[in-house]
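Student: Below is the file input.cif, which contains mmCIF, C-alpha atoms and all ligand atoms.
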data_target
loop_
_atom_site.label_atom_id
_atom_site.label_comp_id
_atom_site.auth_asym_id
_atom_site.auth_seq_id
_atom_site.Cartn_x
_atom_site.Cartn_y
_atom_site.Cartn_z
CA MET A 1 91.68 78.19 94.93
CA SER A 2 91.34 79.83 91.48
CA GLU A 3 93.62 78.72 88.65
CA PRO A 4 96.71 80.86 88.04
CA HIS A 5 96.58 83.11 84.94
CA ALA A 6 99.36 83.63 82.41
CA HIS A 7 102.01 85.90 83.98
CA ASP A 8 100.68 84.85 87.41
CA THR A 9 101.89 81.40 88.38
CA ILE A 10 102.97 81.76 92.01
CA ARG A 11 100.86 80.84 95.06
CA ALA A 12 103.06 81.33 98.14
CA VAL A 13 100.39 80.72 100.82
CA GLN A 14 98.64 77.37 100.45
CA TRP A 15 96.14 75.64 102.72
CA HIS A 16 96.40 71.84 102.53
CA GLY A 17 93.46 70.70 104.65
CA ASP A 18 95.41 70.16 107.87
CA HIS A 19 98.40 72.48 107.51
CA LEU A 20 99.53 75.75 105.96
CA ARG A 21 102.30 75.54 103.39
CA LEU A 22 104.40 78.68 102.96
CA LEU A 23 107.07 79.44 100.37
CA ASP A 24 110.02 80.52 102.55
CA GLN A 25 110.70 84.07 101.33
CA ARG A 26 113.85 84.33 103.44
CA ARG A 27 115.55 81.90 101.09
CA LEU A 28 114.51 83.25 97.68
CA PRO A 29 115.84 83.47 95.05
CA SER A 30 118.65 81.00 95.76
CA GLU A 31 116.37 78.30 97.16
CA GLU A 32 112.69 77.49 96.67
CA SER A 33 111.85 75.78 99.93
CA TRP A 34 108.56 75.47 101.74
CA ILE A 35 107.70 75.30 105.40
CA GLU A 36 104.67 73.61 106.92
CA CYS A 37 102.79 75.26 109.78
CA ARG A 38 100.71 72.88 111.86
CA ASN A 39 99.87 75.12 114.82
CA CYS A 40 99.19 78.73 115.74
CA GLU A 41 102.68 79.36 117.13
CA SER A 42 104.40 78.26 113.92
CA VAL A 43 102.19 80.67 111.93
CA TYR A 44 103.09 83.45 114.41
CA ARG A 45 106.81 82.69 113.90
CA ALA A 46 106.48 82.54 110.11
CA ILE A 47 104.93 86.02 110.08
CA ALA A 48 107.34 87.55 112.60
CA ASP A 49 110.41 86.06 110.86
CA LEU A 50 109.24 87.07 107.32
CA VAL A 51 108.83 83.54 105.96
CA VAL A 52 105.55 85.06 104.76
CA ARG A 53 105.41 88.84 104.31
CA GLY A 54 103.42 91.50 102.49
CA ALA A 55 100.31 92.98 104.10
CA PRO A 56 97.56 90.83 102.50
CA ALA A 57 99.60 87.60 102.74
CA ILE A 58 100.20 87.96 106.47
CA GLY A 59 96.48 88.53 107.03
CA ILE A 60 95.67 85.36 105.07
CA ALA A 61 98.30 83.32 106.92
CA ALA A 62 96.98 84.56 110.27
CA ALA A 63 93.43 83.55 109.32
CA TRP A 64 94.65 79.98 108.72
CA GLY A 65 96.54 80.25 112.02
CA VAL A 66 93.20 80.78 113.75
CA VAL A 67 91.86 77.57 112.15
CA LEU A 68 94.91 75.66 113.44
CA ALA A 69 94.57 77.22 116.91
CA SER A 70 90.93 76.20 117.12
CA ARG A 71 91.72 72.61 116.07
CA ASP A 72 94.36 72.49 118.84
CA GLY A 73 91.72 73.55 121.35
CA MET A 74 93.61 76.77 122.12
CA ASP A 75 91.91 79.50 124.07
CA MET A 76 90.71 81.73 121.21
CA PRO A 77 91.35 85.18 122.76
CA SER A 78 94.97 84.13 123.46
CA ALA A 79 95.43 82.77 119.93
CA LEU A 80 94.03 85.96 118.36
CA ALA A 81 96.21 88.13 120.63
CA ARG A 82 99.33 86.11 119.83
CA LEU A 83 98.84 86.35 116.06
CA ARG A 84 97.99 90.05 116.33
CA GLU A 85 101.35 90.86 117.87
CA ALA A 86 103.33 89.18 115.08
CA ARG A 87 103.84 92.51 113.24
CA PRO A 88 102.44 95.98 114.04
CA THR A 89 102.16 98.06 110.84
CA ALA A 90 100.14 96.13 108.24
CA VAL A 91 96.50 96.49 109.24
CA ASN A 92 95.49 93.52 107.05
CA LEU A 93 96.70 91.33 109.91
CA MET A 94 94.30 92.89 112.43
CA TRP A 95 91.53 93.08 109.80
CA ALA A 96 91.76 89.34 109.04
CA LEU A 97 91.86 88.42 112.73
CA ASP A 98 88.80 90.60 113.41
CA ARG A 99 86.96 88.81 110.60
CA MET A 100 87.86 85.43 112.06
CA LYS A 101 86.85 86.62 115.54
CA ARG A 102 83.37 87.51 114.27
CA ARG A 103 82.95 83.82 113.29
CA ILE A 104 83.63 82.72 116.86
CA VAL A 105 80.33 83.30 118.60
CA ASP A 106 79.33 80.38 120.83
CA GLY A 107 82.54 78.39 120.61
CA THR A 108 84.35 77.53 117.39
CA ASP A 109 82.88 75.73 114.42
CA ASP A 110 85.63 74.33 112.17
CA THR A 111 83.54 74.57 108.99
CA LEU A 112 82.76 78.24 109.60
CA LEU A 113 86.36 79.13 110.37
CA VAL A 114 87.70 77.30 107.30
CA GLU A 115 85.02 78.99 105.19
CA GLU A 116 86.04 82.42 106.48
CA ALA A 117 89.78 81.90 106.01
CA ARG A 118 89.16 80.64 102.47
CA ALA A 119 86.94 83.66 101.75
CA ILE A 120 89.63 86.05 102.99
CA GLN A 121 92.13 84.38 100.64
CA ASP A 122 89.84 84.14 97.60
CA GLU A 123 88.51 87.70 97.96
CA ASP A 124 92.07 89.02 98.02
CA LEU A 125 92.85 87.40 94.68
CA GLN A 126 89.66 88.80 93.16
CA ALA A 127 90.41 92.28 94.56
CA ASN A 128 93.89 92.17 93.05
CA ARG A 129 92.61 91.31 89.57
CA ARG A 130 90.06 94.13 89.79
CA MET A 131 92.72 96.61 90.96
CA GLY A 132 94.96 95.46 88.13
CA ALA A 133 92.32 96.46 85.60
CA LEU A 134 91.46 99.75 87.31
CA GLY A 135 95.09 100.76 87.81
CA ALA A 136 96.29 99.82 84.33
CA ALA A 137 93.56 102.00 82.82
CA LEU A 138 95.28 105.07 84.34
CA ILE A 139 98.55 104.41 82.52
CA GLU A 140 99.24 105.78 79.04
CA PRO A 141 100.55 103.23 76.47
CA GLY A 142 104.32 103.05 76.29
CA SER A 143 104.93 104.18 79.88
CA GLY A 144 107.79 103.23 82.16
CA VAL A 145 107.14 102.43 85.82
CA LEU A 146 109.20 102.08 88.97
CA THR A 147 108.04 99.86 91.83
CA HIS A 148 109.31 99.31 95.36
CA CYS A 149 109.46 96.31 97.71
CA ASN A 150 107.48 93.23 96.64
CA THR A 151 103.76 93.61 96.13
CA GLY A 152 103.10 90.62 93.92
CA SER A 153 101.83 87.07 94.26
CA LEU A 154 104.39 86.53 97.00
CA ALA A 155 102.80 89.31 99.09
CA THR A 156 99.14 88.46 98.47
CA ALA A 157 96.80 85.59 97.61
CA GLY A 158 98.06 86.00 94.05
CA TYR A 159 98.49 88.50 91.18
CA GLY A 160 99.49 91.31 93.53
CA THR A 161 98.55 94.92 94.24
CA ALA A 162 101.07 97.30 92.64
CA LEU A 163 102.58 94.34 90.81
CA GLY A 164 99.07 93.34 89.71
CA VAL A 165 98.69 96.73 88.01
CA ILE A 166 102.10 96.16 86.42
CA ARG A 167 101.04 92.64 85.26
CA ALA A 168 97.87 94.08 83.72
CA GLY A 169 99.66 97.10 82.27
CA VAL A 170 102.32 94.96 80.60
CA GLU A 171 99.69 92.57 79.21
CA GLN A 172 97.77 95.51 77.74
CA GLY A 173 100.91 97.10 76.25
CA ARG A 174 100.52 100.18 78.42
CA ILE A 175 103.73 99.52 80.34
CA SER A 176 106.87 99.04 78.27
CA ARG A 177 109.56 99.44 80.94
CA VAL A 178 109.55 98.07 84.51
CA TYR A 179 112.15 99.07 87.09
CA ALA A 180 112.32 97.57 90.58
CA GLY A 181 114.22 99.19 93.44
CA GLU A 182 116.28 96.71 95.42
CA THR A 183 114.64 97.72 98.74
CA ARG A 184 117.40 97.66 101.32
CA PRO A 185 117.83 96.26 103.86
CA TRP A 186 115.78 93.08 103.35
CA LEU A 187 116.01 93.31 99.54
CA GLN A 188 112.37 92.47 98.78
CA GLY A 189 112.79 94.16 95.37
CA ALA A 190 116.08 92.50 94.43
CA ARG A 191 115.37 89.05 95.86
CA LEU A 192 111.59 88.70 95.48
CA THR A 193 110.20 91.08 92.84
CA MET A 194 112.93 90.28 90.33
CA TRP A 195 112.42 86.52 90.96
CA GLU A 196 108.66 86.81 90.62
CA LEU A 197 108.78 88.91 87.44
CA ARG A 198 111.33 86.65 85.82
CA ARG A 199 109.32 83.56 86.78
CA ASP A 200 106.22 85.08 85.16
CA GLY A 201 107.99 86.33 82.04
CA ILE A 202 107.75 90.07 82.70
CA PRO A 203 110.96 91.89 81.70
CA ALA A 204 112.28 94.23 84.40
CA GLN A 205 115.46 95.99 85.41
CA LEU A 206 116.75 96.24 88.96
CA ILE A 207 118.01 99.58 90.25
CA ALA A 208 119.82 100.50 93.44
CA ASP A 209 117.40 102.39 95.71
CA ALA A 210 119.73 105.37 95.44
CA ALA A 211 119.32 105.42 91.61
CA ALA A 212 115.59 106.24 91.75
CA ALA A 213 115.76 110.05 91.52
CA TYR A 214 118.26 109.88 88.67
CA LEU A 215 116.06 107.34 86.85
CA MET A 216 113.17 109.81 87.12
CA ARG A 217 115.35 112.61 85.78
CA THR A 218 116.16 110.56 82.65
CA GLY A 219 112.45 110.54 81.72
CA LYS A 220 112.31 106.74 81.57
CA VAL A 221 109.49 106.41 84.12
CA GLN A 222 106.10 108.11 84.15
CA TRP A 223 104.68 106.40 87.24
CA VAL A 224 105.92 105.11 90.57
CA ILE A 225 103.56 102.28 91.62
CA ILE A 226 103.62 100.96 95.19
CA GLY A 227 101.45 98.91 97.55
CA ALA A 228 100.55 99.79 101.14
CA ASP A 229 100.55 98.30 104.61
CA ARG A 230 98.04 100.70 106.13
CA ILE A 231 96.17 103.69 104.72
CA ALA A 232 94.86 106.23 107.21
CA ALA A 233 91.49 108.02 106.96
CA ASN A 234 93.14 111.12 105.45
CA GLY A 235 94.84 109.08 102.70
CA ASP A 236 98.34 108.97 104.24
CA VAL A 237 100.05 105.70 103.28
CA ALA A 238 102.36 103.54 105.36
CA ASN A 239 104.50 101.33 103.12
CA LYS A 240 107.99 99.90 102.89
CA ILE A 241 110.78 102.21 103.99
CA GLY A 242 111.89 104.33 101.06
CA SER A 243 108.38 104.91 99.67
CA TYR A 244 108.28 108.43 101.12
CA ALA A 245 111.59 109.37 99.48
CA LEU A 246 110.29 108.03 96.14
CA ALA A 247 107.14 110.16 96.46
CA ILE A 248 109.18 113.32 97.11
CA ALA A 249 111.46 112.59 94.16
CA ALA A 250 108.47 111.77 91.93
CA ARG A 251 106.74 115.06 92.73
CA HIS A 252 109.96 116.98 92.00
CA HIS A 253 110.31 115.32 88.59
CA GLY A 254 106.65 115.39 87.52
CA VAL A 255 106.40 111.59 87.78
CA ARG A 256 103.01 110.40 89.02
CA PHE A 257 102.66 108.36 92.20
CA LEU A 258 100.12 105.51 92.38
CA VAL A 259 99.22 103.49 95.49
CA VAL A 260 97.42 100.17 94.98
CA ALA A 261 95.87 98.39 97.97
CA PRO A 262 92.68 96.45 98.77
CA SER A 263 90.07 97.80 101.19
CA SER A 264 91.53 95.45 103.84
CA THR A 265 94.53 97.83 103.98
CA VAL A 266 92.38 100.90 104.64
CA ASP A 267 92.12 101.82 108.31
CA MET A 268 89.47 104.51 108.64
CA ALA A 269 89.81 104.29 112.44
CA THR A 270 93.31 105.77 112.19
CA ALA A 271 93.06 109.49 111.49
CA THR A 272 96.47 110.23 109.94
CA GLY A 273 99.76 108.59 109.10
CA ASP A 274 101.28 110.00 112.29
CA ASP A 275 99.04 107.61 114.25
CA ILE A 276 100.41 104.49 112.49
CA GLU A 277 102.89 102.37 114.42
CA ILE A 278 106.04 101.93 112.37
CA GLU A 279 107.78 98.59 112.88
CA LEU A 280 111.39 98.78 114.03
CA ARG A 281 113.27 95.58 113.23
CA ASP A 282 116.55 94.14 114.41
CA PRO A 283 119.47 96.44 113.42
CA ALA A 284 121.29 93.24 112.41
CA GLU A 285 119.22 93.28 109.19
CA LEU A 286 120.96 96.52 108.23
CA LEU A 287 124.45 95.64 109.39
CA GLN A 288 124.82 92.84 106.86
CA CYS A 289 124.17 92.11 103.20
CA GLY A 290 123.50 88.62 101.89
CA GLY A 291 124.44 87.17 105.27
CA VAL A 292 127.86 88.88 105.29
CA ARG A 293 128.52 91.56 107.90
CA THR A 294 129.30 94.82 106.05
CA VAL A 295 129.64 97.26 108.94
CA VAL A 296 132.41 97.61 111.47
CA ALA A 297 131.95 95.57 114.66
CA GLY A 298 130.37 97.61 117.42
CA ALA A 299 128.48 99.93 115.04
CA GLU A 300 124.83 100.66 115.81
CA ALA A 301 121.92 101.06 113.36
CA TRP A 302 118.33 102.36 113.31
CA ASN A 303 116.06 100.10 111.23
CA PRO A 304 112.50 101.38 110.69
CA VAL A 305 111.04 99.12 107.98
CA PHE A 306 108.11 101.32 106.94
CA ASP A 307 107.53 105.03 106.43
CA VAL A 308 104.51 107.25 105.80
CA THR A 309 103.88 109.03 102.52
CA PRO A 310 101.60 112.03 103.05
CA ALA A 311 98.41 111.95 100.96
CA ALA A 312 99.40 115.25 99.33
CA LEU A 313 102.20 113.45 97.44
CA ILE A 314 99.87 110.74 96.05
CA ASP A 315 98.27 111.22 92.63
CA ALA A 316 95.95 108.22 92.76
CA PHE A 317 94.90 105.41 95.08
CA VAL A 318 93.38 102.30 93.53
CA SER A 319 91.38 99.80 95.59
CA GLU A 320 88.95 97.12 94.42
CA ARG A 321 86.15 99.55 95.25
CA GLY A 322 87.40 102.16 92.81
CA VAL A 323 89.93 104.89 92.19
CA VAL A 324 90.54 107.94 94.39
CA LEU A 325 92.37 110.73 92.57
CA LYS A 326 94.38 113.04 94.84
CA PRO A 327 93.23 111.29 98.03
CA ASP A 328 92.24 113.32 101.07
CA ALA A 329 89.94 112.75 104.05
CA ALA A 330 86.74 113.68 102.16
CA ARG A 331 87.50 111.53 99.10
CA MET A 332 88.52 108.59 101.28
CA ARG A 333 85.25 108.89 103.22
CA GLU A 334 83.27 108.83 99.94
CA LEU A 335 84.75 105.45 98.97
CA PHE A 336 84.83 103.98 102.49
CA PRO A 337 81.71 105.46 104.11
CA GLY A 338 80.86 102.70 106.57
CA ASP A 339 84.40 101.59 107.46
O1 LIG B 401 108.13 94.00 105.40
P1 LIG B 401 107.27 93.49 104.29
O2 LIG B 401 108.04 92.78 103.23
O3 LIG B 401 106.11 92.68 104.81
O4 LIG B 401 106.67 94.80 103.64
C1 LIG B 401 105.80 94.67 102.54
C2 LIG B 401 105.43 95.97 101.94
O5 LIG B 401 105.77 97.03 102.42
C3 LIG B 401 104.54 95.94 100.74
O6 LIG B 401 104.80 97.02 99.89
C4 LIG B 401 103.08 96.03 101.22
O7 LIG B 401 102.81 95.05 102.18
C5 LIG B 401 102.12 95.91 100.11
S1 LIG B 401 102.13 94.23 99.53
C6 LIG B 401 100.84 93.89 98.58
#
Mind turning the file's structure into structure tokens?

Tutor:
Amino acid sequence: MSEPHAHDTIRAVQWHGDHLRLLDQRRLPSEESWIECRNCESVYRAIADLVVRGAPAIGIAAAWGVVLASRDGMDMPSALARLREARPTAVNLMWALDRMKRRIVDGTDDTLLVEEARAIQDEDLQANRRMGALGAALIEPGSGVLTHCNTGSLATAGYGTALGVIRAGVEQGRISRVYAGETRPWLQGARLTMWELRRDGIPAQLIADAAAAYLMRTGKVQWVIIGADRIAANGDVANKIGSYALAIAARHHGVRFLVVAPSSTVDMATATGDDIEIELRDPAELLQCGGVRTVVAGAEAWNPVFDVTPAALIDAFVSERGVVLKPDAARMRELFPGD
């Protein structure tokens, strides 16, 4: 594993030779506790229950889950299928499992599987640093940015996607103000992004999700910067619920909208955002706040945890392969010709 850089100290997914160690993101910021996964099923549970979350991080965790499954002598097609069903929207999960599957030819070879899982993890970190540099170069010095959900070291192998661009932009003096939306209902922004930024010494202010349009109106932000869970062939982007509303508000206020995601998030086999399965989670997540029930007993709730931002609302998409300005099907195909 590469050494952490300044402003990038967190490694939430760690392989320890015979088990996977995960920083339990359900408990942050009040408690920094770790869980150890020693078999495929515990990795499945950690992904499904959001111990580990964020598109690249769940792909990396699943890859290590395949190593553990193979060591347990599990039937490989069943192990791959089990991990695949942990969450439906982030394509990095399926992408990582497909990569691991390609290493299983005539039976499983532990060295090959470990090598592949490590490569998936290391390549993600490298991609994030590259995207940080490419994305920061788009931002004029002195800009303010708004981000959504958590897209940092907690959600990746390290450094982050959208938060990687913010790390690089702050280091270069291009970004002078960082705002993070709280990201109801699971509060990835409030609980995770604010913790991560504070830990790494990057000043930021939390806003209520509902304050985003007003923030844009004040002129304090020039860019909204988000990550992605799946990007369709026409450039439509599935990301945390609320991203679509931010894109509409940004367009209305002349604020630019930047999506940052590695090529492992691009799904050229899916034609448009309408074809992406949006995860529906337990309504209980929405009926409470901080573990305290906030809604009258008996009330029902609808809890989609992702939405799709149409490509037409996106000003730029940054991947480790390069930048796509005003993404559409033709420009996506140019950058991802063989995918
Ligand atoms: O439900 P989550 O927390 O897994 O959702 C995460 C997001 O939507 C992130 O924005 C996305 O995975 C990009 S993370 C680099």

Student: Wanna dump the chain A-ligand LIG 401 (chain B) contacts at 6 Å for me, each residue with its shortest atom pair and the distance in Å to one decimal, counting only C-alpha atoms and all ligand atoms, ordered by chain and number, as a tab-separated table?

Tutor:
residue	atom	partner	partner_atom	distance
A:Arg53	CA	B:LIG401	O3	3.9
A:Gly54	CA	B:LIG401	O7	3.6
A:Ala55	CA	B:LIG401	O7	3.8
A:Pro56	CA	B:LIG401	C6	6.0
A:Cys149	CA	B:LIG401	O6	5.2
A:Asn150	CA	B:LIG401	O6	5.7
A:Thr151	CA	B:LIG401	S1	3.8
A:Ala155	CA	B:LIG401	S1	5.0
A:Thr156	CA	B:LIG401	C6	5.7
A:Gly160	CA	B:LIG401	C6	5.8
A:Thr161	CA	B:LIG401	C6	5.0
A:Gly227	CA	B:LIG401	C5	4.0
A:Ala228	CA	B:LIG401	C5	4.3
A:Asp229	CA	B:LIG401	O7	4.6
A:Asn239	CA	B:LIG401	O5	4.5
A:Lys240	CA	B:LIG401	O5	3.7

Student: I'd like to know which of A:Arg199, A:Gly59, A:Gly169, A:Pro77 is closest to Glu140 of chain A, using all atoms listed in the file.

Tutor: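 Under the stated criterion, the closest residue is A:Gly169.
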
Student: Counting only C-alpha atoms, which of A:Arg191, A:Arg45, A:Arg333, A:Arg103 gets nearest to Ala232 of chain A?

Tutor: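 Checking each candidate against Ala232 of chain A, we get A:Arg333 as the closest.
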
Student: Skip Leu146 of chain A itself and residues of its chain fewer than 2 positions away, then list as a short mmCIF file (atom, residue, chain, number, x, y, z; two decimals) with C-alpha atoms, in the coordinates of the input all residues within 9 Å of it, counting all atoms listed in the file.

Tutor:
data_model
loop_
_atom_site.label_atom_id
_atom_site.label_comp_id
_atom_site.auth_asym_id
_atom_site.auth_seq_id
_atom_site.Cartn_x
_atom_site.Cartn_y
_atom_site.Cartn_z
CA GLY A 144 107.79 103.23 82.16
CA HIS A 148 109.31 99.31 95.36
CA ARG A 177 109.56 99.44 80.94
CA VAL A 178 109.55 98.07 84.51
CA TYR A 179 112.15 99.07 87.09
CA ALA A 180 112.32 97.57 90.58
CA GLY A 181 114.22 99.19 93.44
CA ALA A 212 115.59 106.24 91.75
CA LEU A 215 116.06 107.34 86.85
CA MET A 216 113.17 109.81 87.12
CA VAL A 221 109.49 106.41 84.12
CA GLN A 222 106.10 108.11 84.15
CA TRP A 223 104.68 106.40 87.24
CA VAL A 224 105.92 105.11 90.57
CA ILE A 225 103.56 102.28 91.62
CA ILE A 226 103.62 100.96 95.19
#

Student: List as a tab-separated table every residue of segment 273-317 of chain A that is in contact with segment 243-259 of chain A, defined as an atom at most 7 Å from one of its atoms (using only C-alpha atoms), together with the nearest atom pair and the distance in Å rounded to one decimal, sorted by chain and then rising number.

Tutor:
residue	atom	partner	partner_atom	distance
A:Asp307	CA	A:Tyr244	CA	6.3
A:Val308	CA	A:Tyr244	CA	6.1
A:Thr309	CA	A:Tyr244	CA	4.7
A:Leu313	CA	A:Ala247	CA	6.0
A:Ile314	CA	A:Phe257	CA	5.3
A:Asp315	CA	A:Phe257	CA	5.3
A:Ala316	CA	A:Leu258	CA	5.0
A:Phe317	CA	A:Val259	CA	4.7

Student: Hey, which of A:Pro88, A:Gly173, A:Asn39, A:Leu197 ends up closest to Leu280 of chain A? Count only C-alpha atoms.

Tutor: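 Between A:Pro88, A:Gly173, A:Asn39, A:Leu197, the residue approaching Leu280 of chain A most closely is A:Pro88.
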
Student: Hey, what's within 8 Å of segment 116-130 of chain A if we count all atoms listed in the file and toss same-chain stuff fewer than 5 positions away? As a ChimeraX atom specification, please?

Tutor: /A:1-2,56,60,63-64,67,96,99-100,103,156-161,164,262,319-320

Student: With a distance cut-off of 12 Å and only C-alpha atoms, select the neighbouring residues of Leu50 of chain A, excluding the residue or stretch itself and same-chain residues fewer than 5 positions from it, and output the selection as a PDB file with C-alpha atoms, in the coordinates of the input.

Tutor:
ATOM      1  CA  LEU A  22     104.400  78.680 102.960  1.00  0.00           C
ATOM      2  CA  LEU A  23     107.070  79.440 100.370  1.00  0.00           C
ATOM      3  CA  ASP A  24     110.020  80.520 102.550  1.00  0.00           C
ATOM      4  CA  GLN A  25     110.700  84.070 101.330  1.00  0.00           C
ATOM      5  CA  ARG A  26     113.850  84.330 103.440  1.00  0.00           C
ATOM      6  CA  ARG A  27     115.550  81.900 101.090  1.00  0.00           C
ATOM      7  CA  LEU A  28     114.510  83.250  97.680  1.00  0.00           C
ATOM      8  CA  VAL A  43     102.190  80.670 111.930  1.00  0.00           C
ATOM      9  CA  TYR A  44     103.090  83.450 114.410  1.00  0.00           C
ATOM     10  CA  ARG A  45     106.810  82.690 113.900  1.00  0.00           C
ATOM     11  CA  ALA A  55     100.310  92.980 104.100  1.00  0.00           C
ATOM     12  CA  ALA A  57      99.600  87.600 102.740  1.00  0.00           C
ATOM     13  CA  ILE A  58     100.200  87.960 106.470  1.00  0.00           C
ATOM     14  CA  ALA A  61      98.300  83.320 106.920  1.00  0.00           C
ATOM     15  CA  ALA A  86     103.330  89.180 115.080  1.00  0.00           C
ATOM     16  CA  ARG A  87     103.840  92.510 113.240  1.00  0.00           C
ATOM     17  CA  LEU A 154     104.390  86.530  97.000  1.00  0.00           C
ATOM     18  CA  ALA A 155     102.800  89.310  99.090  1.00  0.00           C
ATOM     19  CA  TRP A 186     115.780  93.080 103.350  1.00  0.00           C
ATOM     20  CA  GLN A 188     112.370  92.470  98.780  1.00  0.00           C
ATOM     21  CA  ARG A 281     113.270  95.580 113.230  1.00  0.00           C
ATOM     22  CA  GLU A 285     119.220  93.280 109.190  1.00  0.00           C
TER      23      GLU A 285
END

Student: Closest to Trp302 of chain A among A:Cys37, A:Ala271, A:Val165, A:Ile241, using all atoms listed in the file?

Tutor: A:Ile241

Student: For Val52 of chain A, which residue out of A:Leu97, A:Ala79, A:Leu192, A:Met131 is the nearest one, using only C-alpha atoms?

Tutor: A:Leu192

Student: Could you tell me how far atom CA of Thr89 of chain A sits from atom CA of Ser30 of chain A, in Å to one decimal place?

Tutor: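 Here the two named atoms are 28.1 Å from each other.
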